[in-house]
$ cat structure18.pdb   # PDB, C-alpha atoms, pLDDT in the B column
ATOM      1  CA  MET R 278       0.000   0.000   0.000  1.00 46.00           C
ATOM      2  CA  GLY R 279       1.476   3.270  -1.042  1.00 53.00           C
ATOM      3  CA  SER R 280       4.890   1.859  -1.853  1.00 66.00           C
ATOM      4  CA  ASP R 281       4.330   2.263  -5.606  1.00 81.00           C
ATOM      5  CA  LEU R 282       5.744  -1.230  -5.947  1.00 89.00           C
ATOM      6  CA  GLN R 283       3.451  -3.731  -7.621  1.00 87.00           C
ATOM      7  CA  LEU R 284       3.695  -7.461  -8.038  1.00 91.00           C
ATOM      8  CA  ASN R 285       1.299  -8.637 -10.713  1.00 89.00           C
ATOM      9  CA  LEU R 286       0.215 -12.144 -11.611  1.00 91.00           C
ATOM     10  CA  ILE R 287      -1.877 -13.187 -14.559  1.00 90.00           C
ATOM     11  CA  ALA R 288      -3.261 -16.513 -15.699  1.00 93.00           C
ATOM     12  CA  GLY R 289      -5.619 -16.884 -18.585  1.00 91.00           C
ATOM     13  CA  HIS R 290      -7.073 -19.295 -21.064  1.00 92.00           C
ATOM     14  CA  TYR R 291      -7.817 -18.133 -24.574  1.00 89.00           C
ATOM     15  CA  SER R 292     -10.292 -19.920 -26.773  1.00 87.00           C
ATOM     16  CA  LEU R 293     -10.020 -18.460 -30.241  1.00 78.00           C
ATOM     17  CA  ASP R 294     -12.278 -19.257 -33.148  1.00 75.00           C
ATOM     18  CA  THR R 295      -9.511 -18.363 -35.552  1.00 71.00           C
ATOM     19  CA  GLY R 296      -6.579 -19.979 -33.787  1.00 73.00           C
ATOM     20  CA  PRO R 297      -5.455 -22.484 -31.215  1.00 80.00           C
ATOM     21  CA  ASP R 298      -6.648 -22.495 -27.627  1.00 87.00           C
ATOM     22  CA  TYR R 299      -3.864 -21.777 -25.205  1.00 90.00           C
ATOM     23  CA  GLU R 300      -2.979 -20.808 -21.654  1.00 93.00           C
ATOM     24  CA  ASP R 301      -1.081 -17.709 -20.684  1.00 92.00           C
ATOM     25  CA  TYR R 302       0.840 -17.249 -17.436  1.00 94.00           C
ATOM     26  CA  GLY R 303       2.748 -14.189 -16.421  1.00 93.00           C
ATOM     27  CA  VAL R 304       4.361 -12.404 -13.532  1.00 94.00           C
ATOM     28  CA  TRP R 305       5.810  -8.934 -13.509  1.00 93.00           C
ATOM     29  CA  LEU R 306       7.093  -6.408 -11.038  1.00 94.00           C
ATOM     30  CA  SER R 307       6.823  -2.666 -11.461  1.00 92.00           C
ATOM     31  CA  LYS R 308       7.965   0.336  -9.489  1.00 93.00           C
ATOM     32  CA  ALA R 309       6.698   3.873  -9.913  1.00 90.00           C
ATOM     33  CA  PHE R 310       8.823   6.960  -9.386  1.00 92.00           C
ATOM     34  CA  GLY R 311       6.307   9.726  -9.790  1.00 87.00           C
ATOM     35  CA  GLY R 312       5.224   9.596 -13.408  1.00 89.00           C
ATOM     36  CA  LEU R 313       8.047   7.256 -14.338  1.00 93.00           C
ATOM     37  CA  THR R 314       7.450   3.514 -14.099  1.00 93.00           C
ATOM     38  CA  VAL R 315       9.992   0.770 -14.588  1.00 94.00           C
ATOM     39  CA  GLY R 316       9.145  -2.881 -14.657  1.00 94.00           C
ATOM     40  CA  GLY R 317       9.940  -6.303 -15.899  1.00 95.00           C
ATOM     41  CA  GLY R 318       8.645  -9.811 -15.889  1.00 95.00           C
ATOM     42  CA  VAL R 319       8.230 -13.125 -17.592  1.00 94.00           C
ATOM     43  CA  ALA R 320       5.401 -14.281 -19.836  1.00 92.00           C
ATOM     44  CA  ASP R 321       4.832 -17.886 -20.780  1.00 92.00           C
ATOM     45  CA  THR R 322       2.199 -19.654 -22.802  1.00 89.00           C
ATOM     46  CA  SER R 323       1.369 -23.229 -23.608  1.00 89.00           C
ATOM     47  CA  LEU R 324       2.202 -22.396 -27.229  1.00 83.00           C
ATOM     48  CA  ASP R 325       5.716 -21.163 -27.105  1.00 80.00           C
ATOM     49  CA  SER R 326       8.780 -20.478 -25.034  1.00 83.00           C
ATOM     50  CA  ALA R 327       8.816 -18.050 -22.109  1.00 89.00           C
ATOM     51  CA  ILE R 328       9.845 -14.465 -22.722  1.00 91.00           C
ATOM     52  CA  ALA R 329      11.470 -12.142 -20.221  1.00 93.00           C
ATOM     53  CA  TYR R 330      11.053  -8.431 -20.751  1.00 94.00           C
ATOM     54  CA  LEU R 331      11.649  -5.002 -19.288  1.00 95.00           C
ATOM     55  CA  TYR R 332       9.764  -1.794 -19.817  1.00 95.00           C
ATOM     56  CA  LEU R 333       9.974   1.878 -19.034  1.00 95.00           C
ATOM     57  CA  SER R 334       7.109   4.341 -19.288  1.00 94.00           C
ATOM     58  CA  TYR R 335       6.332   7.889 -18.387  1.00 94.00           C
ATOM     59  CA  ARG R 336       2.855   9.210 -17.688  1.00 92.00           C
ATOM     60  CA  PHE R 337       1.747  12.782 -17.319  1.00 90.00           C
ATOM     61  CA  PRO R 338      -1.680  14.277 -16.670  1.00 89.00           C
ATOM     62  CA  LEU R 339      -3.347  16.594 -19.148  1.00 89.00           C
TER
ATOM     63  CA  MET I 108      -6.828   6.441  -0.558  1.00 35.00           C
ATOM     64  CA  THR I 109      -9.865   4.967  -2.186  1.00 37.00           C
ATOM     65  CA  GLY I 110      -9.341   7.123  -5.200  1.00 37.00           C
ATOM     66  CA  LEU I 111      -5.752   6.011  -5.489  1.00 34.00           C
ATOM     67  CA  ARG I 112      -6.618   2.351  -5.187  1.00 36.00           C
ATOM     68  CA  ARG I 113      -9.372   2.767  -7.728  1.00 35.00           C
ATOM     69  CA  ALA I 114      -7.018   4.466 -10.103  1.00 36.00           C
ATOM     70  CA  ALA I 115      -4.391   1.805  -9.590  1.00 38.00           C
ATOM     71  CA  PHE I 116      -6.792  -1.010 -10.290  1.00 38.00           C
ATOM     72  CA  ALA I 117      -8.260   0.642 -13.322  1.00 39.00           C
ATOM     73  CA  GLY I 118      -4.767   1.140 -14.608  1.00 42.00           C
ATOM     74  CA  ALA I 119      -3.998  -2.509 -14.104  1.00 42.00           C
ATOM     75  CA  PHE I 120      -7.204  -3.482 -15.880  1.00 44.00           C
ATOM     76  CA  LEU I 121      -6.602  -1.281 -18.836  1.00 44.00           C
ATOM     77  CA  ALA I 122      -3.076  -2.559 -19.078  1.00 46.00           C
ATOM     78  CA  ALA I 123      -4.107  -6.178 -18.884  1.00 45.00           C
ATOM     79  CA  ALA I 124      -6.781  -5.662 -21.469  1.00 42.00           C
ATOM     80  CA  SER I 125      -4.445  -3.982 -23.865  1.00 42.00           C
ATOM     81  CA  THR I 126      -1.057  -5.460 -23.348  1.00 47.00           C
ATOM     82  CA  GLY I 127      -1.014  -8.129 -20.710  1.00 43.00           C
ATOM     83  CA  ALA I 128       1.673  -6.430 -18.739  1.00 41.00           C
ATOM     84  CA  VAL I 129       3.546  -3.620 -20.274  1.00 41.00           C
ATOM     85  CA  VAL I 130       1.878  -0.508 -18.950  1.00 41.00           C
ATOM     86  CA  ALA I 131       0.659  -1.575 -15.543  1.00 43.00           C
ATOM     87  CA  ASP I 132       1.264   1.715 -13.855  1.00 51.00           C
ATOM     88  CA  GLU I 133      -1.164   3.717 -11.798  1.00 59.00           C
ATOM     89  CA  ILE I 134      -3.331   6.180 -13.611  1.00 68.00           C
ATOM     90  CA  PRO I 135      -4.864   9.240 -12.047  1.00 79.00           C
ATOM     91  CA  GLU I 136      -8.477  10.234 -12.246  1.00 85.00           C
ATOM     92  CA  GLY I 137      -9.007  12.512 -15.189  1.00 92.00           C
ATOM     93  CA  ALA I 138      -7.124  12.486 -18.459  1.00 95.00           C
ATOM     94  CA  SER I 139      -3.526  11.432 -18.866  1.00 94.00           C
ATOM     95  CA  VAL I 140      -1.162  10.256 -21.562  1.00 95.00           C
ATOM     96  CA  TYR I 141       1.883   8.031 -21.432  1.00 94.00           C
ATOM     97  CA  VAL I 142       4.734   6.876 -23.605  1.00 96.00           C
ATOM     98  CA  GLY I 143       7.111   4.002 -23.129  1.00 96.00           C
ATOM     99  CA  VAL I 144       9.520   1.473 -24.501  1.00 96.00           C
ATOM    100  CA  THR I 145       9.689  -2.248 -23.894  1.00 95.00           C
ATOM    101  CA  THR I 146      12.121  -4.980 -24.808  1.00 94.00           C
ATOM    102  CA  ASN I 147       9.310  -7.105 -26.210  1.00 92.00           C
ATOM    103  CA  ALA I 148       5.774  -6.283 -27.323  1.00 91.00           C
ATOM    104  CA  LEU I 149       3.661  -8.948 -25.684  1.00 90.00           C
ATOM    105  CA  PHE I 150      -0.010  -9.446 -26.375  1.00 88.00           C
ATOM    106  CA  ARG I 151      -1.874 -12.150 -24.476  1.00 85.00           C
ATOM    107  CA  GLY I 152       1.479 -13.645 -23.626  1.00 86.00           C
ATOM    108  CA  VAL I 153       2.631 -13.823 -27.229  1.00 86.00           C
ATOM    109  CA  SER I 154       5.247 -11.528 -28.712  1.00 88.00           C
ATOM    110  CA  GLN I 155       4.229  -9.290 -31.587  1.00 89.00           C
ATOM    111  CA  THR I 156       7.764  -8.243 -32.341  1.00 87.00           C
ATOM    112  CA  THR I 157       9.314 -11.655 -32.777  1.00 79.00           C
ATOM    113  CA  ASP I 158       8.813 -14.639 -35.003  1.00 65.00           C
ATOM    114  CA  GLN I 159       7.065 -16.846 -32.501  1.00 61.00           C
ATOM    115  CA  ASP I 160       5.682 -20.131 -33.738  1.00 61.00           C
ATOM    116  CA  PHE I 161       2.191 -18.959 -32.894  1.00 65.00           C
ATOM    117  CA  TYR I 162       1.878 -16.803 -35.973  1.00 62.00           C
ATOM    118  CA  HIS I 163       2.871 -19.595 -38.296  1.00 54.00           C
ATOM    119  CA  ARG I 164       1.144 -22.546 -36.738  1.00 52.00           C
ATOM    120  CA  ASP I 165      -2.364 -21.266 -37.368  1.00 49.00           C
ATOM    121  CA  GLY I 166      -1.653 -18.057 -39.127  1.00 47.00           C
ATOM    122  CA  MET I 167      -1.891 -14.395 -38.313  1.00 51.00           C
ATOM    123  CA  SER I 168      -5.626 -14.717 -37.884  1.00 52.00           C
ATOM    124  CA  ALA I 169      -5.125 -16.230 -34.482  1.00 52.00           C
ATOM    125  CA  MET I 170      -4.272 -12.813 -33.117  1.00 55.00           C
ATOM    126  CA  THR I 171      -5.809 -10.462 -35.594  1.00 54.00           C
ATOM    127  CA  GLY I 172      -9.145 -12.117 -36.159  1.00 52.00           C
ATOM    128  CA  ASN I 173      -8.565 -11.736 -39.878  1.00 49.00           C
ATOM    129  CA  LYS I 174     -10.447 -14.551 -41.546  1.00 42.00           C
ATOM    130  CA  HIS I 175      -8.976 -13.914 -44.936  1.00 40.00           C
ATOM    131  CA  SER I 176      -6.175 -16.168 -46.003  1.00 42.00           C
ATOM    132  CA  THR I 177      -2.908 -15.641 -47.735  1.00 44.00           C
ATOM    133  CA  ALA I 178       0.058 -17.878 -48.192  1.00 40.00           C
ATOM    134  CA  THR I 179       3.028 -16.324 -46.460  1.00 43.00           C
ATOM    135  CA  THR I 180       6.632 -17.328 -46.727  1.00 40.00           C
ATOM    136  CA  THR I 181       8.913 -16.103 -44.013  1.00 40.00           C
ATOM    137  CA  THR I 182      12.484 -16.644 -43.067  1.00 40.00           C
ATOM    138  CA  ALA I 183      13.252 -15.463 -39.606  1.00 42.00           C
ATOM    139  CA  THR I 184      15.273 -16.408 -36.606  1.00 47.00           C
ATOM    140  CA  ASP I 185      13.667 -18.246 -33.762  1.00 49.00           C
ATOM    141  CA  ASP I 186      12.093 -16.462 -30.854  1.00 56.00           C
ATOM    142  CA  GLU I 187      14.117 -13.453 -29.841  1.00 70.00           C
ATOM    143  CA  MET I 188      14.110 -12.102 -26.324  1.00 79.00           C
ATOM    144  CA  PHE I 189      15.112  -8.606 -27.364  1.00 87.00           C
ATOM    145  CA  ALA I 190      12.620  -7.230 -29.861  1.00 88.00           C
ATOM    146  CA  PRO I 191      11.870  -3.699 -28.670  1.00 92.00           C
ATOM    147  CA  ALA I 192       8.734  -1.705 -29.256  1.00 95.00           C
ATOM    148  CA  LEU I 193       7.510   1.796 -28.597  1.00 96.00           C
ATOM    149  CA  TYR I 194       4.076   2.348 -27.162  1.00 96.00           C
ATOM    150  CA  GLY I 195       1.849   5.081 -25.853  1.00 96.00           C
ATOM    151  CA  GLY I 196      -1.688   5.819 -24.932  1.00 95.00           C
ATOM    152  CA  PHE I 197      -4.375   8.021 -23.545  1.00 95.00           C
ATOM    153  CA  ASP I 198      -6.535   7.227 -20.519  1.00 93.00           C
ATOM    154  CA  TYR I 199      -9.535   8.953 -19.063  1.00 93.00           C
ATOM    155  CA  LEU I 200     -10.839   7.822 -15.701  1.00 89.00           C
ATOM    156  CA  HIS I 201     -13.954   9.529 -14.364  1.00 93.00           C
ATOM    157  CA  SER I 202     -14.663   9.687 -10.652  1.00 91.00           C
ATOM    158  CA  SER I 203     -17.875   7.735 -11.291  1.00 92.00           C
ATOM    159  CA  GLY I 204     -15.832   4.740 -12.385  1.00 89.00           C
ATOM    160  CA  LEU I 205     -16.357   5.128 -16.099  1.00 93.00           C
ATOM    161  CA  TYR I 206     -13.166   4.952 -18.101  1.00 92.00           C
ATOM    162  CA  ALA I 207     -11.993   5.081 -21.689  1.00 94.00           C
ATOM    163  CA  SER I 208      -8.598   4.365 -23.145  1.00 93.00           C
ATOM    164  CA  VAL I 209      -6.628   4.270 -26.365  1.00 95.00           C
ATOM    165  CA  TYR I 210      -3.372   2.355 -26.602  1.00 95.00           C
ATOM    166  CA  ALA I 211      -0.944   2.014 -29.500  1.00 96.00           C
ATOM    167  CA  THR I 212       2.204  -0.053 -29.878  1.00 95.00           C
ATOM    168  CA  SER I 213       4.596  -0.775 -32.678  1.00 95.00           C
ATOM    169  CA  ILE I 214       4.634  -4.372 -33.880  1.00 92.00           C
ATOM    170  CA  ASP I 215       6.779  -6.321 -36.304  1.00 88.00           C
ATOM    171  CA  ILE I 216       5.368  -9.688 -37.263  1.00 82.00           C
ATOM    172  CA  PRO I 217       7.063 -11.357 -40.215  1.00 77.00           C
ATOM    173  CA  GLY I 218       4.695 -11.633 -43.147  1.00 76.00           C
ATOM    174  CA  PHE I 219       2.226  -9.228 -41.629  1.00 80.00           C
ATOM    175  CA  ASP I 220       1.681  -5.774 -43.119  1.00 83.00           C
ATOM    176  CA  ALA I 221       0.520  -3.950 -40.019  1.00 88.00           C
ATOM    177  CA  PHE I 222       3.165  -1.862 -38.327  1.00 90.00           C
ATOM    178  CA  ALA I 223       1.135  -1.121 -35.200  1.00 94.00           C
ATOM    179  CA  ARG I 224      -1.688  -2.325 -33.078  1.00 94.00           C
ATOM    180  CA  VAL I 225      -4.166   0.248 -31.777  1.00 95.00           C
ATOM    181  CA  ASP I 226      -6.597  -0.725 -29.047  1.00 94.00           C
ATOM    182  CA  GLY I 227      -9.575   1.153 -27.752  1.00 94.00           C
ATOM    183  CA  SER I 228     -11.366   0.267 -24.543  1.00 93.00           C
ATOM    184  CA  ALA I 229     -14.135   1.580 -22.355  1.00 94.00           C
ATOM    185  CA  GLY I 230     -15.919   0.334 -19.305  1.00 92.00           C
ATOM    186  CA  TYR I 231     -16.965   0.774 -15.739  1.00 89.00           C
ATOM    187  CA  TYR I 232     -15.168  -0.017 -12.524  1.00 81.00           C
ATOM    188  CA  HIS I 233     -16.379  -0.060  -8.931  1.00 80.00           C
ATOM    189  CA  HIS I 234     -14.485  -0.653  -5.719  1.00 78.00           C
ATOM    190  CA  PHE I 235     -16.639  -1.918  -2.864  1.00 85.00           C
ATOM    191  CA  ASP I 236     -15.878  -1.047   0.748  1.00 87.00           C
ATOM    192  CA  SER I 237     -15.330  -4.738   1.431  1.00 89.00           C
ATOM    193  CA  GLY I 238     -12.334  -4.668  -0.847  1.00 76.00           C
ATOM    194  CA  TRP I 239     -13.930  -6.504  -3.750  1.00 81.00           C
ATOM    195  CA  ARG I 240     -13.839  -4.884  -7.123  1.00 76.00           C
ATOM    196  CA  ILE I 241     -15.970  -5.270 -10.194  1.00 82.00           C
ATOM    197  CA  ASP I 242     -15.008  -4.212 -13.667  1.00 79.00           C
ATOM    198  CA  GLY I 243     -16.679  -4.589 -17.020  1.00 89.00           C
ATOM    199  CA  GLY I 244     -15.775  -3.211 -20.372  1.00 92.00           C
ATOM    200  CA  ALA I 245     -15.059  -3.792 -24.004  1.00 94.00           C
ATOM    201  CA  VAL I 246     -11.847  -3.673 -26.000  1.00 91.00           C
ATOM    202  CA  VAL I 247     -11.377  -3.264 -29.736  1.00 92.00           C
ATOM    203  CA  TYR I 248      -8.112  -4.284 -31.377  1.00 90.00           C
ATOM    204  CA  THR I 249      -7.121  -2.809 -34.717  1.00 92.00           C
ATOM    205  CA  TYR I 250      -4.131  -3.286 -36.978  1.00 91.00           C
ATOM    206  CA  PRO I 251      -3.659  -0.194 -39.158  1.00 91.00           C
ATOM    207  CA  GLY I 252      -1.585  -0.869 -42.220  1.00 82.00           C
ATOM    208  CA  GLU I 253      -2.782  -4.431 -42.556  1.00 78.00           C
ATOM    209  CA  THR I 254      -3.695  -4.558 -46.229  1.00 70.00           C
ATOM    210  CA  ALA I 255      -4.484  -8.251 -46.430  1.00 56.00           C
ATOM    211  CA  ALA I 256      -7.846  -7.728 -44.812  1.00 47.00           C
ATOM    212  CA  ILE I 257      -8.939  -4.754 -46.884  1.00 37.00           C
ATOM    213  CA  SER I 258      -7.273  -4.953 -50.262  1.00 36.00           C
ATOM    214  CA  GLY I 259      -9.086  -8.032 -51.469  1.00 35.00           C
ATOM    215  CA  LYS I 260      -5.874  -9.852 -52.171  1.00 39.00           C
ATOM    216  CA  CYS I 261      -6.792 -12.573 -49.696  1.00 36.00           C
ATOM    217  CA  THR I 262      -7.482 -15.964 -51.147  1.00 36.00           C
ATOM    218  CA  PRO I 263      -9.075 -18.714 -49.064  1.00 36.00           C
ATOM    219  CA  VAL I 264      -6.823 -21.705 -48.720  1.00 36.00           C
ATOM    220  CA  PRO I 265      -7.412 -25.085 -47.089  1.00 36.00           C
ATOM    221  CA  VAL I 266      -6.315 -25.508 -43.511  1.00 35.00           C
ATOM    222  CA  SER I 267      -3.146 -27.499 -43.287  1.00 37.00           C
ATOM    223  CA  GLY I 268      -0.191 -27.773 -40.996  1.00 36.00           C
ATOM    224  CA  PRO I 269       2.819 -25.616 -41.673  1.00 38.00           C
ATOM    225  CA  SER I 270       5.697 -26.934 -43.668  1.00 35.00           C
ATOM    226  CA  VAL I 271       8.856 -26.298 -41.712  1.00 34.00           C
ATOM    227  CA  ALA I 272      12.431 -26.695 -42.799  1.00 34.00           C
ATOM    228  CA  ARG I 273      15.012 -25.998 -40.137  1.00 33.00           C
ATOM    229  CA  SER I 274      18.572 -25.059 -40.764  1.00 34.00           C
ATOM    230  CA  GLY I 275      20.543 -24.080 -37.715  1.00 34.00           C
ATOM    231  CA  THR I 276      18.687 -21.322 -35.951  1.00 32.00           C
ATOM    232  CA  THR I 277      16.981 -20.125 -39.089  1.00 32.00           C
ATOM    233  CA  ARG I 278      13.617 -21.294 -40.225  1.00 32.00           C
ATOM    234  CA  SER I 279      11.881 -21.155 -43.559  1.00 32.00           C
ATOM    235  CA  MET I 280       8.194 -21.726 -43.530  1.00 33.00           C
ATOM    236  CA  THR I 281       5.155 -21.529 -45.707  1.00 33.00           C
ATOM    237  CA  THR I 282       1.767 -21.586 -44.126  1.00 33.00           C
ATOM    238  CA  PRO I 283      -1.646 -20.094 -44.668  1.00 35.00           C
ATOM    239  CA  THR I 284      -2.078 -16.977 -42.567  1.00 37.00           C
ATOM    240  CA  SER I 285      -5.539 -17.990 -41.589  1.00 38.00           C
ATOM    241  CA  ARG I 286      -8.226 -20.485 -42.151  1.00 36.00           C
ATOM    242  CA  ASP I 287     -11.639 -19.810 -43.537  1.00 37.00           C
ATOM    243  CA  ASP I 288     -13.937 -20.655 -40.648  1.00 35.00           C
TER
END

$ encode --input "structure18.pdb" --output "structure tokens"
Amino acid sequence: MGSDLQLNLIAGHYSLDTGPDYEDYGVWLSKAFGGLTVGGGVADTSLDSAIAYLYLSYRFPL
Amino acid sequence: MTGLRRAAFAGAFLAAASTGAVVADEIPEGASVYVGVTTNALFRGVSQTTDQDFYHRDGMSAMTGNKHSTATTTTATDDEMFAPALYGGFDYLHSSGLYASVYATSIDIPGFDAFARVDGSAGYYHHFDSGWRIDGGAVVYTYPGETAAISGKCTPVPVSGPSVARSGTTRSMTTPTSRDD
């Protein structure tokens, strides 16, 4: 609470009428520094190999 | 505090709906914009900046919903971890819980004309005092620049498994980009 640090988990099943059904699992960690957010995680599906990634974003109000 | 938690959850929802992970930062009530860069453009757990098997096993239609079919020949390296993308978006979160969002990211799928994916979403979110949250909305995914779906050059082809020839870490493949359901 209030630490601006987030641990996120996701698990999903996709049933597509134009493709294969598959499962998606992911975990990522993000940290906000004001409007700047840095994060990274791993995504894996039952279709393919796992992918690790990092991201950096900046948000500002209008 | 409630407003902050609401904003944080809505941000997580919008991010999950659009990207699965990449922009899971907190968003404030009101209008805001953001820009970012990622080492891999993931969508529902699948990269849209690498040559993952997904796009060749059952064709591009699996992600795009394009029911047209074209035969596509690609030669690309196997799944790459580093396949960067730029992204950005606009969010509007009203104090009532109504929200609307537009998200855009660069993509690079071999054999696919679209250079970007643009998502639009809108919905309603409510945070109960008990801590439970409810959220409902709709998301539209678009692929500007994808000519296969609009130029009429698509030709239905029978569904068949991909033909794969491996040579080292490079793969040559011919497969229909979709099936005609």

$ closest_atom_pairs --input "structure18.pdb" --of "chain R" --to "chain I" --cutoff "6 Å" --atoms "all atoms listed in the file" --output "CSV"
residue,atom,partner,partner_atom,distance
R:Thr295,CA,I:Ala169,CA,5.0
R:Gly296,CA,I:Ala169,CA,4.1
R:Asp301,CA,I:Gly152,CA,5.6
R:Ala320,CA,I:Gly152,CA,5.5
R:Tyr330,CA,I:Thr146,CA,5.4
R:Leu331,CA,I:Thr146,CA,5.5
R:Tyr332,CA,I:Thr145,CA,4.1
R:Leu333,CA,I:Gly143,CA,5.4
R:Ser334,CA,I:Gly143,CA,3.9
R:Tyr335,CA,I:Tyr141,CA,5.4
R:Arg336,CA,I:Tyr141,CA,4.0
R:Phe337,CA,I:Ser139,CA,5.7
R:Pro338,CA,I:Ser139,CA,4.0
R:Leu339,CA,I:Ser139,CA,5.2

$ atom_distance --input "structure18.pdb" --atom1 "CA of Pro297 in chain R" --atom2 "CA of Thr249 in chain I"
20.1 Å

$ atom_distance --input "structure18.pdb" --atom1 "CA of Tyr210 in chain I" --atom2 "CA of Tyr248 in chain I"
9.5 Å

$ residues_around --input "structure18.pdb" --residues "Val304 in chain R" --least-positions-apart "4" --cutoff "9 Å" --atoms "all atoms listed in the file" --output "JSON, numbers by chain"
{"R": [284, 285, 286, 287, 288, 317, 318, 319, 320], "I": [128]}

$ axis_aligned_box --input "structure18.pdb" --around "range 141-150 of chain I" --padding-each-side "8 Å" --output "AutoDock Vina command-line options"
--center_x 6.1 --center_y -0.7 --center_z -24.4 --size_x 28.1 --size_y 33.5 --size_z 21.9

$ atom_distance --input "structure18.pdb" --atom1 "CA of Ser326 in chain R" --atom2 "CA of Ala211 in chain I"
24.9 Å

$ closest_residue --input "structure18.pdb" --among "R:Asp281, R:Gly289, R:Ile328, R:Thr322" --to "Lys308 in chain R" --atoms "all atoms listed in the file"
R:Asp281

$ residues_around --input "structure18.pdb" --residues "Ala221 in chain I" --least-positions-apart "3" --cutoff "6 Å" --atoms "only C-alpha atoms" --output "mmCIF file with C-alpha atoms, keeping the file's coordinate frame"
data_model
loop_
_atom_site.group_PDB
_atom_site.id
_atom_site.type_symbol
_atom_site.label_atom_id
_atom_site.label_comp_id
_atom_site.auth_asym_id
_atom_site.auth_seq_id
_atom_site.Cartn_x
_atom_site.Cartn_y
_atom_site.Cartn_z
ATOM 1 C CA TYR I 250 -4.131 -3.286 -36.978
ATOM 2 C CA PRO I 251 -3.659 -0.194 -39.158
ATOM 3 C CA GLY I 252 -1.585 -0.869 -42.220
ATOM 4 C CA GLU I 253 -2.782 -4.431 -42.556
#

$ resolve_selection --input "structure18.pdb" --expression "the PyMOL selection byres ((chain R and resi 283) around 6)" --output "VMD selection string"
chain R and resid 282 284 306 to 307

$ closest_residue --input "structure18.pdb" --among "I:Gly204, I:Thr157, I:Val247, I:Val209" --to "Phe235 in chain I" --atoms "all atoms listed in the file"
I:Gly204

$ residues_around --input "structure18.pdb" --residues "Ser323 in chain R" --least-positions-apart "2" --cutoff "7 Å" --atoms "all atoms listed in the file" --output "MDAnalysis selection string"
chainID R and resid 299:301 321 325

$ write_last_selection --input "structure18.pdb" --atoms "C-alpha atoms" --output "CSV table (one decimal), in the coordinates of the input"
chain,number,residue,atom,x,y,z
R,299,TYR,CA,-3.9,-21.8,-25.2
R,300,GLU,CA,-3.0,-20.8,-21.7
R,301,ASP,CA,-1.1,-17.7,-20.7
R,321,ASP,CA,4.8,-17.9,-20.8
R,325,ASP,CA,5.7,-21.2,-27.1

$ decode --input "structure18.pdb" --residues "range 307-333 of chain R" --atoms "C-alpha atoms" --output "PDB file, in the first residue's frame"
ATOM      1  CA  SER R 307       6.823  -2.666 -11.461  1.00  0.00           C
ATOM      2  CA  LYS R 308       7.965   0.336  -9.489  1.00  0.00           C
ATOM      3  CA  ALA R 309       6.698   3.873  -9.913  1.00  0.00           C
ATOM      4  CA  PHE R 310       8.823   6.960  -9.386  1.00  0.00           C
ATOM      5  CA  GLY R 311       6.307   9.726  -9.790  1.00  0.00           C
ATOM      6  CA  GLY R 312       5.224   9.596 -13.408  1.00  0.00           C
ATOM      7  CA  LEU R 313       8.047   7.256 -14.338  1.00  0.00           C
ATOM      8  CA  THR R 314       7.450   3.514 -14.099  1.00  0.00           C
ATOM      9  CA  VAL R 315       9.992   0.770 -14.588  1.00  0.00           C
ATOM     10  CA  GLY R 316       9.145  -2.881 -14.657  1.00  0.00           C
ATOM     11  CA  GLY R 317       9.940  -6.303 -15.899  1.00  0.00           C
ATOM     12  CA  GLY R 318       8.645  -9.811 -15.889  1.00  0.00           C
ATOM     13  CA  VAL R 319       8.230 -13.125 -17.592  1.00  0.00           C
ATOM     14  CA  ALA R 320       5.401 -14.281 -19.836  1.00  0.00           C
ATOM     15  CA  ASP R 321       4.832 -17.886 -20.780  1.00  0.00           C
ATOM     16  CA  THR R 322       2.199 -19.654 -22.802  1.00  0.00           C
ATOM     17  CA  SER R 323       1.369 -23.229 -23.608  1.00  0.00           C
ATOM     18  CA  LEU R 324       2.202 -22.396 -27.229  1.00  0.00           C
ATOM     19  CA  ASP R 325       5.716 -21.163 -27.105  1.00  0.00           C
ATOM     20  CA  SER R 326       8.780 -20.478 -25.034  1.00  0.00           C
ATOM     21  CA  ALA R 327       8.816 -18.050 -22.109  1.00  0.00           C
ATOM     22  CA  ILE R 328       9.845 -14.465 -22.722  1.00  0.00           C
ATOM     23  CA  ALA R 329      11.470 -12.142 -20.221  1.00  0.00           C
ATOM     24  CA  TYR R 330      11.053  -8.431 -20.751  1.00  0.00           C
ATOM     25  CA  LEU R 331      11.649  -5.002 -19.288  1.00  0.00           C
ATOM     26  CA  TYR R 332       9.764  -1.794 -19.817  1.00  0.00           C
ATOM     27  CA  LEU R 333       9.974   1.878 -19.034  1.00  0.00           C
TER      28      LEU R 333
END
